[in-house]
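**Student:** This is query_9.txt, which holds compact mmCIF, C-alpha atoms:
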# COMPACT_ATOMS: atom_id res chain seq x y z
CA MET A 1 4.36 35.10 -5.58
CA THR A 2 6.23 32.12 -4.26
CA SER A 3 9.41 32.34 -2.26
CA THR A 4 11.45 30.34 -4.79
CA PHE A 5 10.52 32.36 -7.89
CA ASP A 6 12.37 35.62 -7.28
CA LYS A 7 11.56 38.06 -10.08
CA GLU A 8 13.72 40.75 -8.45
CA ASP A 9 16.77 38.46 -8.50
CA LEU A 10 16.21 37.66 -12.19
CA ASN A 11 15.82 41.38 -12.93
CA ARG A 12 19.05 42.13 -11.02
CA ARG A 13 20.92 39.49 -13.00
CA MET A 14 19.62 40.92 -16.30
CA ASN A 15 20.67 44.41 -15.17
CA GLY A 16 24.12 42.97 -14.47
CA SER A 17 24.35 41.83 -18.10
CA ILE A 18 23.57 45.37 -19.28
CA ALA A 19 26.10 46.87 -16.84
CA ALA A 20 28.76 44.48 -18.16
CA LEU A 21 27.88 45.48 -21.74
CA LYS A 22 28.24 49.18 -20.92
CA GLY A 23 31.62 48.44 -19.36
CA GLU A 24 32.73 46.65 -22.54
CA PHE A 25 31.40 49.55 -24.64
CA ALA A 26 33.49 51.97 -22.54
CA GLY A 27 36.53 50.00 -23.67
CA LEU A 28 35.69 50.57 -27.34
CA ARG A 29 37.47 53.73 -28.21
CA THR A 30 36.30 56.54 -30.37
CA GLY A 31 39.67 58.12 -31.17
CA ARG A 32 40.88 59.31 -27.74
CA ALA A 33 43.07 57.41 -25.33
CA SER A 34 41.17 56.20 -22.28
CA THR A 35 42.39 53.80 -19.62
CA ALA A 36 38.99 52.03 -19.92
CA LEU A 37 40.13 50.96 -23.39
CA LEU A 38 42.25 48.20 -21.84
CA ASP A 39 39.65 47.07 -19.24
CA PRO A 40 38.54 44.03 -21.29
CA VAL A 41 42.14 42.77 -21.62
CA THR A 42 42.91 39.63 -19.62
CA VAL A 43 46.41 38.19 -19.25
CA GLU A 44 47.47 34.57 -18.75
CA ALA A 45 49.57 34.99 -15.62
CA TYR A 46 50.63 32.76 -12.74
CA GLY A 47 48.55 29.86 -14.05
CA SER A 48 45.26 31.74 -14.47
CA SER A 49 43.56 34.44 -16.51
CA MET A 50 43.78 37.84 -14.75
CA PRO A 51 42.51 41.32 -15.60
CA LEU A 52 45.29 43.66 -16.79
CA SER A 53 44.56 45.98 -13.83
CA GLN A 54 45.89 43.30 -11.45
CA LEU A 55 49.27 43.17 -13.19
CA ALA A 56 49.97 46.74 -14.27
CA THR A 57 49.08 50.42 -13.98
CA VAL A 58 47.44 51.95 -17.07
CA ASN A 59 47.73 55.70 -17.72
CA ALA A 60 46.76 58.07 -20.53
CA PRO A 61 49.58 60.66 -20.52
CA GLU A 62 48.61 62.01 -23.97
CA PRO A 63 45.35 62.08 -25.97
CA ARG A 64 46.69 59.45 -28.40
CA MET A 65 48.90 57.35 -26.12
CA LEU A 66 48.40 54.88 -23.27
CA THR A 67 51.17 53.62 -21.03
CA VAL A 68 51.08 50.30 -19.22
CA GLN A 69 53.53 50.01 -16.31
CA VAL A 70 53.91 46.26 -15.70
CA TRP A 71 54.81 45.53 -12.07
CA ASP A 72 56.49 42.15 -12.61
CA LYS A 73 59.30 42.18 -15.17
CA SER A 74 58.60 38.53 -16.09
CA MET A 75 55.04 39.44 -17.19
CA VAL A 76 55.92 42.13 -19.78
CA LYS A 77 55.77 39.71 -22.74
CA ALA A 78 52.48 38.17 -21.58
CA VAL A 79 50.88 41.62 -21.13
CA ASP A 80 52.16 42.76 -24.55
CA LYS A 81 50.75 39.61 -26.21
CA SER A 82 47.38 39.98 -24.44
CA ILE A 83 46.97 43.59 -25.61
CA ARG A 84 47.83 42.61 -29.19
CA ASP A 85 45.44 39.62 -29.12
CA ALA A 86 42.52 41.51 -27.53
CA GLY A 87 41.07 42.49 -30.93
CA LEU A 88 41.43 46.21 -30.22
CA GLY A 89 43.89 46.87 -33.05
CA LEU A 90 46.60 48.09 -30.69
CA ASN A 91 50.33 47.41 -30.99
CA PRO A 92 52.26 48.12 -27.78
CA GLN A 93 55.95 48.97 -27.83
CA ALA A 94 58.00 47.66 -24.91
CA ASP A 95 60.50 49.89 -23.12
CA GLY A 96 61.69 47.82 -20.16
CA GLN A 97 58.67 47.30 -17.89
CA LEU A 98 56.76 50.14 -19.58
CA LEU A 99 54.59 49.45 -22.60
CA ARG A 100 53.70 52.41 -24.79
CA VAL A 101 50.41 51.88 -26.63
CA PRO A 102 49.89 54.41 -29.45
CA ILE A 103 46.22 54.93 -30.35
CA PRO A 104 45.92 54.88 -34.16
CA GLU A 105 43.65 57.30 -36.04
CA LEU A 106 40.23 55.89 -36.64
CA ASN A 107 39.81 55.25 -40.35
CA GLU A 108 36.66 53.90 -41.98
CA GLU A 109 37.85 50.28 -41.87
CA ARG A 110 38.78 50.58 -38.17
CA ARG A 111 35.37 52.11 -37.39
CA ARG A 112 33.66 49.14 -39.05
CA GLU A 113 35.81 46.73 -37.02
CA LEU A 114 34.85 48.52 -33.80
CA ALA A 115 31.17 48.47 -34.79
CA LYS A 116 31.46 44.72 -35.42
CA LEU A 117 33.03 44.27 -31.99
CA ALA A 118 30.20 46.33 -30.44
CA HIS A 119 27.68 44.00 -32.13
CA LYS A 120 29.53 40.98 -30.72
CA TYR A 121 29.43 42.44 -27.19
CA ALA A 122 25.71 43.24 -27.57
CA GLU A 123 24.95 39.70 -28.73
CA GLN A 124 26.81 38.28 -25.71
CA ALA A 125 24.69 40.50 -23.45
CA ARG A 126 21.48 39.35 -25.20
CA ILE A 127 22.52 35.72 -24.68
CA ALA A 128 23.21 36.41 -21.00
CA VAL A 129 19.73 37.97 -20.59
CA ARG A 130 18.10 35.02 -22.37
CA ASN A 131 20.00 32.60 -20.12
CA VAL A 132 18.58 34.37 -17.07
CA ARG A 133 15.08 34.04 -18.60
CA ARG A 134 15.70 30.33 -19.22
CA ASP A 135 16.75 29.86 -15.59
CA GLY A 136 13.56 31.59 -14.44
CA MET A 137 11.40 29.46 -16.74
CA GLU A 138 13.04 26.28 -15.40
CA VAL A 139 12.21 27.36 -11.84
CA LEU A 140 8.59 27.97 -12.89
CA LYS A 141 8.40 24.57 -14.59
CA LYS A 142 9.71 22.83 -11.49
CA LEU A 143 7.33 24.75 -9.20
CA GLU A 144 4.37 23.74 -11.37
CA LYS A 145 5.56 20.11 -11.52
CA ASP A 146 5.86 20.06 -7.71
CA HIS A 147 2.33 21.53 -7.48
CA LYS A 148 3.58 24.69 -5.71
CA ILE A 149 2.00 26.95 -8.36
CA SER A 150 -0.93 26.44 -10.69
CA GLN A 151 -0.76 26.31 -14.48
CA ASP A 152 -2.29 29.79 -14.62
CA GLU A 153 0.34 31.20 -12.25
CA HIS A 154 3.08 29.53 -14.30
CA HIS A 155 1.66 31.15 -17.44
CA ARG A 156 1.28 34.58 -15.78
CA PHE A 157 4.80 34.55 -14.25
CA GLY A 158 6.19 33.35 -17.59
CA GLU A 159 4.57 36.28 -19.38
CA GLU A 160 5.93 38.74 -16.78
CA LEU A 161 9.39 37.23 -17.18
CA GLN A 162 9.14 37.57 -20.97
CA LYS A 163 8.16 41.27 -20.64
CA VAL A 164 11.18 41.93 -18.39
CA THR A 165 13.41 40.06 -20.85
CA ASP A 166 12.08 42.05 -23.82
CA ALA A 167 12.67 45.33 -21.96
CA HIS A 168 16.29 44.38 -21.23
CA ILE A 169 16.88 43.30 -24.85
CA ARG A 170 15.50 46.70 -25.96
CA ASP A 171 17.92 48.44 -23.57
CA ILE A 172 20.80 46.45 -25.09
CA ASP A 173 19.68 47.41 -28.62
CA HIS A 174 19.46 51.11 -27.65
CA ALA A 175 22.93 51.02 -26.07
CA LEU A 176 24.32 49.33 -29.20
CA GLN A 177 22.70 51.90 -31.49
CA ALA A 178 24.13 54.80 -29.44
CA LYS A 179 27.62 53.24 -29.40
CA GLU A 180 27.48 52.58 -33.14
CA GLN A 181 26.60 56.23 -33.84
CA GLU A 182 29.46 57.33 -31.57
CA ILE A 183 31.92 55.03 -33.38
CA MET A 184 30.86 56.04 -36.88
CA GLN A 185 30.94 59.78 -36.11
CA VAL A 186 33.86 61.37 -37.95
What's the structure tokens form of this structure?

**Tutor:**
Amino acid sequence: MTSTFDKEDLNRRMNGSIAALKGEFAGLRTGRASTALLDPVTVEAYGSSMPLSQLATVNAPEPRMLTVQVWDKSMVKAVDKSIRDAGLGLNPQADGQLLRVPIPELNEERRRELAKLAHKYAEQARIAVRNVRRDGMEVLKKLEKDHKISQDEHHRFGEELQKVTDAHIRDIDHALQAKEQEIMQV
């Protein structure tokens, strides 16, 4: 192998896409309150987009209730809006700097919405994995053009990269299938 084509680095980046997907899946609820539910929420604050965890403390005091203690009084409205706009179907109720977020019962329609969101997250992960593959293929093309690897090596490394990509896409599909079953379970 050449020093500039780093298969391990590409594999690590693909694994990062899967880890991110699993983190997003953790935020998709299945009927119980979990602080991970609000992990994907980002808030427009102080001129940039920030994760909710940098602006507030999230707790799950009851099985069907989350509380969000916003540290800066001026950010309460922005946090409330971000939670509503996150596509999670949650409607916080403000009480000073504390937002109470009741977790609604999962009905059939809500389960379908969550499954759709899971599919969207999975597709984003697939795209991320394919982008890593594309980056690797571009490196191979450049190495061949610069006569640092032969055509045969380019072909062999390309096939190896495709096998790694296919394995990661399969992992994404399995994770999606498991999450879908969990969501649709009554």

**Student:** Give me, as a Markdown table, each residue of range 98-130 of chain A that comes within 12 Å of range 51-72 of chain A, together with its shortest interatomic pair and the distance in Å at one decimal, counting all atoms listed in the file, with rows ordered by chain and rising residue number.

**Tutor:**
| residue | atom | partner | partner_atom | distance |
| --- | --- | --- | --- | --- |
| A:Leu98 | CA | A:Gln69 | CA | 4.6 |
| A:Leu99 | CA | A:Val68 | CA | 4.9 |
| A:Arg100 | CA | A:Thr67 | CA | 4.7 |
| A:Val101 | CA | A:Leu66 | CA | 4.9 |
| A:Pro102 | CA | A:Met65 | CA | 4.6 |
| A:Ile103 | CA | A:Arg64 | CA | 4.9 |
| A:Pro104 | CA | A:Arg64 | CA | 7.4 |
| A:Glu105 | CA | A:Arg64 | CA | 8.5 |
| A:Leu106 | CA | A:Arg64 | CA | 11.1 |

**Student:** Could you turn the residues from that selection into a file that holds C-alpha atoms, as an mmCIF file, in the frame of the given file?

**Tutor:**
data_model
loop_
_atom_site.group_PDB
_atom_site.id
_atom_site.type_symbol
_atom_site.label_atom_id
_atom_site.label_comp_id
_atom_site.auth_asym_id
_atom_site.auth_seq_id
_atom_site.Cartn_x
_atom_site.Cartn_y
_atom_site.Cartn_z
ATOM 1 C CA LEU A 98 56.760 50.140 -19.580
ATOM 2 C CA LEU A 99 54.590 49.450 -22.600
ATOM 3 C CA ARG A 100 53.700 52.410 -24.790
ATOM 4 C CA VAL A 101 50.410 51.880 -26.630
ATOM 5 C CA PRO A 102 49.890 54.410 -29.450
ATOM 6 C CA ILE A 103 46.220 54.930 -30.350
ATOM 7 C CA PRO A 104 45.920 54.880 -34.160
ATOM 8 C CA GLU A 105 43.650 57.300 -36.040
ATOM 9 C CA LEU A 106 40.230 55.890 -36.640
#

**Student:** Could you state the separation of CA of Phe25 in chain A and CA of Arg133 in chain A in Å, given to one decimal place?

**Tutor:** 23.3 Å

**Student:** In Å, with one decimal, what is the gap from CA of Ala115 in chain A to CA of Thr42 in chain A?

**Tutor:**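 Straight-line distance from CA of Ala115 in chain A to CA of Thr42 in chain A works out to 21.1 Å.
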
**Student:** Kindly indicate which residue among A:Ala175, A:Leu37, A:Lys148, A:Gly136 lies nearest to Glu160 in chain A, using all atoms listed in the file for the distances.

**Tutor:**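 Closest candidate: A:Gly136.
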
**Student:** Provide the CA of Gln93 in chain A to CA of Ala36 in chain A distance in Å, to one decimal place.

**Tutor:**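 Taking CA of Gln93 in chain A and CA of Ala36 in chain A, their separation equals 19.0 Å.
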
**Student:** List as a list in words the protein and nucleic acid residues near Asp85 in chain A, meaning an atom at most 12 Å away when only C-alpha atoms are counted, but skip any in the same chain fewer than 6 places from it.

**Tutor:**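 Listing them by chain and then by number gives Leu38, Pro40, Val41, Thr42, Val43, Glu44, Ala78, Val79, Asn91 and Pro92 of chain A.
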
**Student:** May I ask which of the residues A:Leu176, A:His168, A:Ser82, A:Gln185 is the closest one to Glu108 in chain A, counting only C-alpha atoms?

**Tutor:** A:Gln185

**Student:** Around the point (32.5, 45.1, -34.2) (coordinates from the file), which residues reach within 12 Å if we count all atoms listed in the file? Answer as a list in words.

**Tutor:** Glu24, Phe25, Leu28, Arg29, Gly87, Leu88, Gly89, Glu109, Arg110, Arg111, Arg112, Glu113, Leu114, Ala115, Lys116, Leu117, Ala118, His119, Lys120, Tyr121, Ala122, Glu123, Leu176, Lys179, Glu180, Ile183 and Met184 of chain A

**Student:** Please provide the set of residues having any atom within 9 Å of range 141-145 of chain A, restricted to all atoms listed in the file, with same-chain residues fewer than 4 positions apart removed, written as a list in words.

**Tutor:**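 Near range 141-145 of chain A, the qualifying residues are Thr2, Thr4, Phe5, Gly136, Met137, Ile149, Ser150, Gln151, Glu153 and His154 of chain A.
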
**Student:** Please return the centre and edge lengths, in Å to one decimal, of a box with edges along x, y and z that contains all listed atoms of range 58-72 of chain A, widened by 5 Å on every side, as lines of an AutoDock Vina configuration file.

**Tutor:**
center_x = 50.9
center_y = 52.1
center_z = -20.2
size_x = 21.1
size_y = 29.9
size_z = 26.3

**Student:** For a quick check of understanding, using all atoms listed in the file, which of A:Ile172, A:Asp95, A:Leu21, A:Asp39 has the smallest distance to Ile83 in chain A?

**Tutor:**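 With all atoms listed in the file as the atom set, the closest residue is A:Asp39.
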
**Student:** Using all atoms listed in the file, which of A:Ala125, A:Ala45, A:Asp173, A:Met50 sits nearest Ala19 in chain A?

**Tutor:**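 Result for the nearest residue to Ala19 in chain A: A:Ala125.
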